[in-house]
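Participant: Could you have a look at this structure, given as structure tokens, before my questions?
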Amino acid sequence: MSIGTDGIRRASRIASKYFVVWVLVASALALYSPGTFTPIAPYITPLLGIIMLGMGLTLEPADFKRLVERPRDVAIGAVAQWLVMPLAAWALVVAFDLPSALAVGLILVGAAPGGTASNVMTYLGKGDVALSVAITTVTTLAAPVVMPAWVVFILGESLQVTFAEMFVTIVQIVVIPVVLGFAIRYVLDRRAPRVAEVGLDVFPAVSVAAIVAIVAAVVGLNVENILTAAALAFAAVVIHNAVGLGSGYGIGKLTSMSEDRARACAFEVGLQNSGLAVALATSFFSPEAALIPALFSVWHNVSGPALASYFSANPPADAASGAESATAD
């Protein structure tokens, strides 16, 4: 039994360690043969649900107790996410003098809430998963107000999106799977702790596989846009993402967050729900407006795993998060 468990643990570590390699290989294959991966698209939401279920398994009552004890970190992360990315997007629109369609896309990305990728990267990067999920939930529930407000303020455009649509999405993709995973972990810890331990060994590899599949599907669906993208658009995406990751981590450290929470803040600010931005751009603006969100979908699934891999190789000395316990030796 121990040999099998050790093998699972080693496989999970290898999958997490070479996360960036798997993402790049999958992206290259999707560019070469998009039809092979586009059939995955209808399963993106279930795959995200599986990932969130796995993260729920890493959570314990103590994680939420810490959130109650330090609610300021949730507020700091949410406010940083609401301010840094929209303002950075506006600065890049002005600096690069982007065409209106690209400007709309970048502003939508900047105003979007934290994406599920931020929770996954926090998990794999040994950050505070409970904090990450809390910030994602807060920013997503506020998105029906925050997103159109920023678009109107910066571009003078109007955006029609209902609270109910976004609320249902976050409940389906984040809340229900995380709560279910948390409940399963709670029961297993008391009834079958050995099973719980094996589950925690397995799910990092499952998360990696699911993310790679999602990235491949996104690339396959956007091959034409990616191949025809101007260098300016790609540069804007890379800089925007870097500003978010760096600012999020810096704000976390400057406000005296522990290392695992600063990591969560970095991913929350830097990794947006670009899939939502793609959908809104297509529905309310133009296909061209979806170009930057589509590029962001690919790029942040390269930069995010790269940073998560670095963090994973350098465990936080002051962390006691569920993410850390999930990948402990």
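Chain labels run A, B, ... following the order of the structure tokens; each chain numbers its residues from 1, and ligands are numbered from 1 in the order shown.
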Quick one: everything within 12 Å of Ser286 (chain A), counting only C-alpha atoms, minus sequence neighbours fewer than 5 positions away in the same chain. Send it as a PDB file with N, CA, C and O atoms, in the first residue's frame.
Facilitator:
ATOM      1  N   SER A 100      -9.877  50.947 -30.433  1.00  0.00           N
ATOM      2  CA  SER A 100     -11.012  50.857 -29.519  1.00  0.00           C
ATOM      3  C   SER A 100     -11.386  49.422 -29.159  1.00  0.00           C
ATOM      4  O   SER A 100     -11.676  49.122 -27.993  1.00  0.00           O
ATOM      5  N   ALA A 101     -11.378  48.513 -30.142  1.00  0.00           N
ATOM      6  CA  ALA A 101     -11.773  47.134 -29.857  1.00  0.00           C
ATOM      7  C   ALA A 101     -10.799  46.481 -28.880  1.00  0.00           C
ATOM      8  O   ALA A 101     -11.211  45.810 -27.922  1.00  0.00           O
ATOM      9  N   LEU A 102      -9.492  46.675 -29.111  1.00  0.00           N
ATOM     10  CA  LEU A 102      -8.502  46.108 -28.202  1.00  0.00           C
ATOM     11  C   LEU A 102      -8.572  46.770 -26.840  1.00  0.00           C
ATOM     12  O   LEU A 102      -8.384  46.112 -25.802  1.00  0.00           O
ATOM     13  N   ALA A 103      -8.869  48.051 -26.819  1.00  0.00           N
ATOM     14  CA  ALA A 103      -9.002  48.769 -25.552  1.00  0.00           C
ATOM     15  C   ALA A 103     -10.148  48.197 -24.728  1.00  0.00           C
ATOM     16  O   ALA A 103     -10.015  47.986 -23.516  1.00  0.00           O
ATOM     17  N   VAL A 104     -11.281  47.955 -25.379  1.00  0.00           N
ATOM     18  CA  VAL A 104     -12.427  47.370 -24.681  1.00  0.00           C
ATOM     19  C   VAL A 104     -12.042  46.015 -24.082  1.00  0.00           C
ATOM     20  O   VAL A 104     -12.345  45.730 -22.920  1.00  0.00           O
ATOM     21  N   GLY A 105     -11.358  45.191 -24.867  1.00  0.00           N
ATOM     22  CA  GLY A 105     -10.963  43.874 -24.380  1.00  0.00           C
ATOM     23  C   GLY A 105     -10.049  43.951 -23.177  1.00  0.00           C
ATOM     24  O   GLY A 105     -10.216  43.208 -22.204  1.00  0.00           O
ATOM     25  N   ALA A 277     -14.428  37.591 -19.506  1.00  0.00           N
ATOM     26  CA  ALA A 277     -14.177  38.755 -20.354  1.00  0.00           C
ATOM     27  C   ALA A 277     -14.374  38.412 -21.833  1.00  0.00           C
ATOM     28  O   ALA A 277     -14.917  39.222 -22.590  1.00  0.00           O
ATOM     29  N   VAL A 278     -13.955  37.211 -22.253  1.00  0.00           N
ATOM     30  CA  VAL A 278     -14.176  36.770 -23.633  1.00  0.00           C
ATOM     31  C   VAL A 278     -15.664  36.723 -23.932  1.00  0.00           C
ATOM     32  O   VAL A 278     -16.136  37.217 -24.969  1.00  0.00           O
ATOM     33  N   ALA A 279     -16.428  36.118 -23.034  1.00  0.00           N
ATOM     34  CA  ALA A 279     -17.869  35.972 -23.244  1.00  0.00           C
ATOM     35  C   ALA A 279     -18.561  37.324 -23.326  1.00  0.00           C
ATOM     36  O   ALA A 279     -19.420  37.553 -24.198  1.00  0.00           O
ATOM     37  N   LEU A 280     -18.195  38.238 -22.442  1.00  0.00           N
ATOM     38  CA  LEU A 280     -18.822  39.557 -22.439  1.00  0.00           C
ATOM     39  C   LEU A 280     -18.422  40.364 -23.667  1.00  0.00           C
ATOM     40  O   LEU A 280     -19.246  41.083 -24.246  1.00  0.00           O
ATOM     41  N   ALA A 281     -17.159  40.258 -24.074  1.00  0.00           N
ATOM     42  CA  ALA A 281     -16.697  40.984 -25.259  1.00  0.00           C
ATOM     43  C   ALA A 281     -17.460  40.518 -26.495  1.00  0.00           C
ATOM     44  O   ALA A 281     -17.893  41.335 -27.321  1.00  0.00           O
ATOM     45  N   LEU A 291     -10.201  39.475 -28.518  1.00  0.00           N
ATOM     46  CA  LEU A 291      -8.838  39.042 -28.826  1.00  0.00           C
ATOM     47  C   LEU A 291      -7.930  39.090 -27.607  1.00  0.00           C
ATOM     48  O   LEU A 291      -7.259  38.105 -27.269  1.00  0.00           O
ATOM     49  N   ILE A 292      -7.876  40.237 -26.922  1.00  0.00           N
ATOM     50  CA  ILE A 292      -6.986  40.353 -25.765  1.00  0.00           C
ATOM     51  C   ILE A 292      -7.403  39.414 -24.631  1.00  0.00           C
ATOM     52  O   ILE A 292      -6.541  38.748 -24.039  1.00  0.00           O
TER      53      ILE A 292
END
Participant: If you count only C-alpha atoms, which residues fall within 9 Å of region 32-47 of chain A, apart from same-chain ones fewer than 5 positions away, as an mmCIF file with C-alpha atoms, in the first residue's frame?
Facilitator:
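What landed in around.cif:
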data_model
loop_
_atom_site.group_PDB
_atom_site.id
_atom_site.type_symbol
_atom_site.label_atom_id
_atom_site.label_comp_id
_atom_site.auth_asym_id
_atom_site.auth_seq_id
_atom_site.Cartn_x
_atom_site.Cartn_y
_atom_site.Cartn_z
ATOM 1 C CA SER A 27 -0.595 24.851 -26.352
ATOM 2 C CA MET A 52 -12.460 23.241 -7.213
ATOM 3 C CA GLN A 172 -21.752 26.157 -9.885
ATOM 4 C CA ILE A 173 -18.016 26.423 -10.513
ATOM 5 C CA SER A 207 -5.653 19.573 -11.190
ATOM 6 C CA ALA A 210 -7.513 19.424 -15.961
ATOM 7 C CA ILE A 211 -5.777 22.781 -16.400
ATOM 8 C CA ALA A 213 -6.857 20.225 -20.985
ATOM 9 C CA ILE A 214 -8.578 23.582 -20.480
ATOM 10 C CA ALA A 216 -5.467 23.264 -24.913
ATOM 11 C CA ALA A 217 -9.179 23.822 -25.528
ATOM 12 C CA VAL A 218 -8.835 27.616 -25.206
ATOM 13 C CA VAL A 219 -5.889 27.658 -27.617
ATOM 14 C CA GLY A 220 -7.683 25.418 -30.094
ATOM 15 C CA LEU A 221 -10.731 27.687 -30.063
ATOM 16 C CA ASN A 222 -8.643 30.812 -30.635
ATOM 17 C CA VAL A 223 -5.983 29.709 -33.119
#
Participant: Which residue out of A:Ala91, A:Val79, A:Met85, A:Ala183 has the minimum interatomic distance to Pro61 (chain A) when only C-alpha atoms are used?
Facilitator: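 Closest to Pro61 (chain A), using only C-alpha atoms: A:Ala183.
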Participant: Of the residues A:Val202, A:Ile154, A:Leu53, A:Ala88, which is the one nearest to Val133 (chain A), using only C-alpha atoms?
Facilitator: A:Leu53
Participant: Within 9 Å of Ala264 (chain A), counting only C-alpha atoms, which residues qualify if same-chain residues fewer than 3 places away don't, as an NGL selection string?
Facilitator: :A and (77 or 118-119 or 121-123 or 125-129 or 131-132 or 248-249 or 252 or 259-261 or 267-269)
Participant: For a test of reading the model, state the distance in Å between CA of Pro305 (chain A) and CA of Val215 (chain A), rounded to one decimal.
Facilitator: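 The value is 11.5 Å.
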Participant: If we count only C-alpha atoms and set the cut-off at 12 Å, which residues sit around Ala231 (chain A), ignoring sequence neighbours fewer than 6 positions away in its own chain? Please answer as a list in words.
Facilitator: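 Here the answer would be Phe96, Leu98, Val237, Val238, Ile292 and Leu295 of chain A.
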Participant: So what do you get for CA of Ala112 (chain A) versus CA of Phe153 (chain A), distance-wise?
Facilitator: 14.6 Å
Participant: Which is closer to Leu271 (chain A) than all the others in A:Thr140, A:Thr228, A:Thr255, A:Asn241, using only C-alpha atoms?
Facilitator: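 Comparing A:Thr140, A:Thr228, A:Thr255, A:Asn241 against Leu271 (chain A), the winner is A:Asn241.
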Participant: Suppose you want the space between CA of Leu254 (chain A) and CA of Ala130 (chain A); what is it in Å?
Facilitator: 20.5 Å
Participant: Could you give me, as a PyMOL selection string, the residues within 9 Å of Ala111 (chain A), counting only C-alpha atoms and dropping anything in the same chain fewer than 3 positions from it?
Facilitator: chain A and resi 81-83+85-87+89+106-108+143+146-151+272+277
Participant: Mind writing the picked residues with C-alpha atoms as a PDB file, in the first residue's frame?
Facilitator:
ATOM      1  CA  GLN A  81      -7.869  43.313  -7.392  1.00  0.00           C
ATOM      2  CA  TRP A  82     -10.569  45.930  -8.028  1.00  0.00           C
ATOM      3  CA  LEU A  83      -8.068  48.793  -8.366  1.00  0.00           C
ATOM      4  CA  MET A  85      -5.863  45.655 -12.820  1.00  0.00           C
ATOM      5  CA  PRO A  86      -8.427  48.180 -14.149  1.00  0.00           C
ATOM      6  CA  LEU A  87      -6.025  51.089 -13.592  1.00  0.00           C
ATOM      7  CA  ALA A  89      -5.376  48.370 -18.158  1.00  0.00           C
ATOM      8  CA  LEU A 106      -8.130  44.978 -22.096  1.00  0.00           C
ATOM      9  CA  ILE A 107     -10.466  46.987 -19.860  1.00  0.00           C
ATOM     10  CA  LEU A 108     -12.825  44.016 -19.593  1.00  0.00           C
ATOM     11  CA  ALA A 143     -18.476  41.907 -10.665  1.00  0.00           C
ATOM     12  CA  VAL A 146     -17.536  46.611 -10.735  1.00  0.00           C
ATOM     13  CA  MET A 147     -17.161  45.524 -14.381  1.00  0.00           C
ATOM     14  CA  PRO A 148     -19.692  47.869 -15.997  1.00  0.00           C
ATOM     15  CA  ALA A 149     -18.644  50.707 -13.689  1.00  0.00           C
ATOM     16  CA  TRP A 150     -15.038  50.528 -14.875  1.00  0.00           C
ATOM     17  CA  VAL A 151     -16.014  50.179 -18.546  1.00  0.00           C
ATOM     18  CA  GLN A 272      -8.286  37.281 -14.075  1.00  0.00           C
ATOM     19  CA  ALA A 277     -14.177  38.755 -20.354  1.00  0.00           C
TER      20      ALA A 277
END
Participant: Have a look at A:Thr139, A:Leu48, A:Ile76, A:Leu155 and name the one nearest to Trp90 (chain A); count only C-alpha atoms.
Facilitator: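 Comparing A:Thr139, A:Leu48, A:Ile76, A:Leu155 against Trp90 (chain A), the winner is A:Leu155.
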Participant: Taking the DSSP assignment computed from this structure's backbone, write out as a PyMOL selection string all residues of region 8-199 of chain A that belong to alpha helix (DSSP H).
Facilitator: chain A and resi 8-17+19-32+34-37+44-58+61-69+71-96+100-111+116-124+129-155+163-170+176-191+193-199
Participant: Measuring between only C-alpha atoms, which one of A:Leu29, A:Leu141, A:Leu180, A:Met257 shows the shortest distance to Val168 (chain A)?
Facilitator: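 Among A:Leu29, A:Leu141, A:Leu180, A:Met257, it is A:Leu141 that comes nearest to Val168 (chain A).
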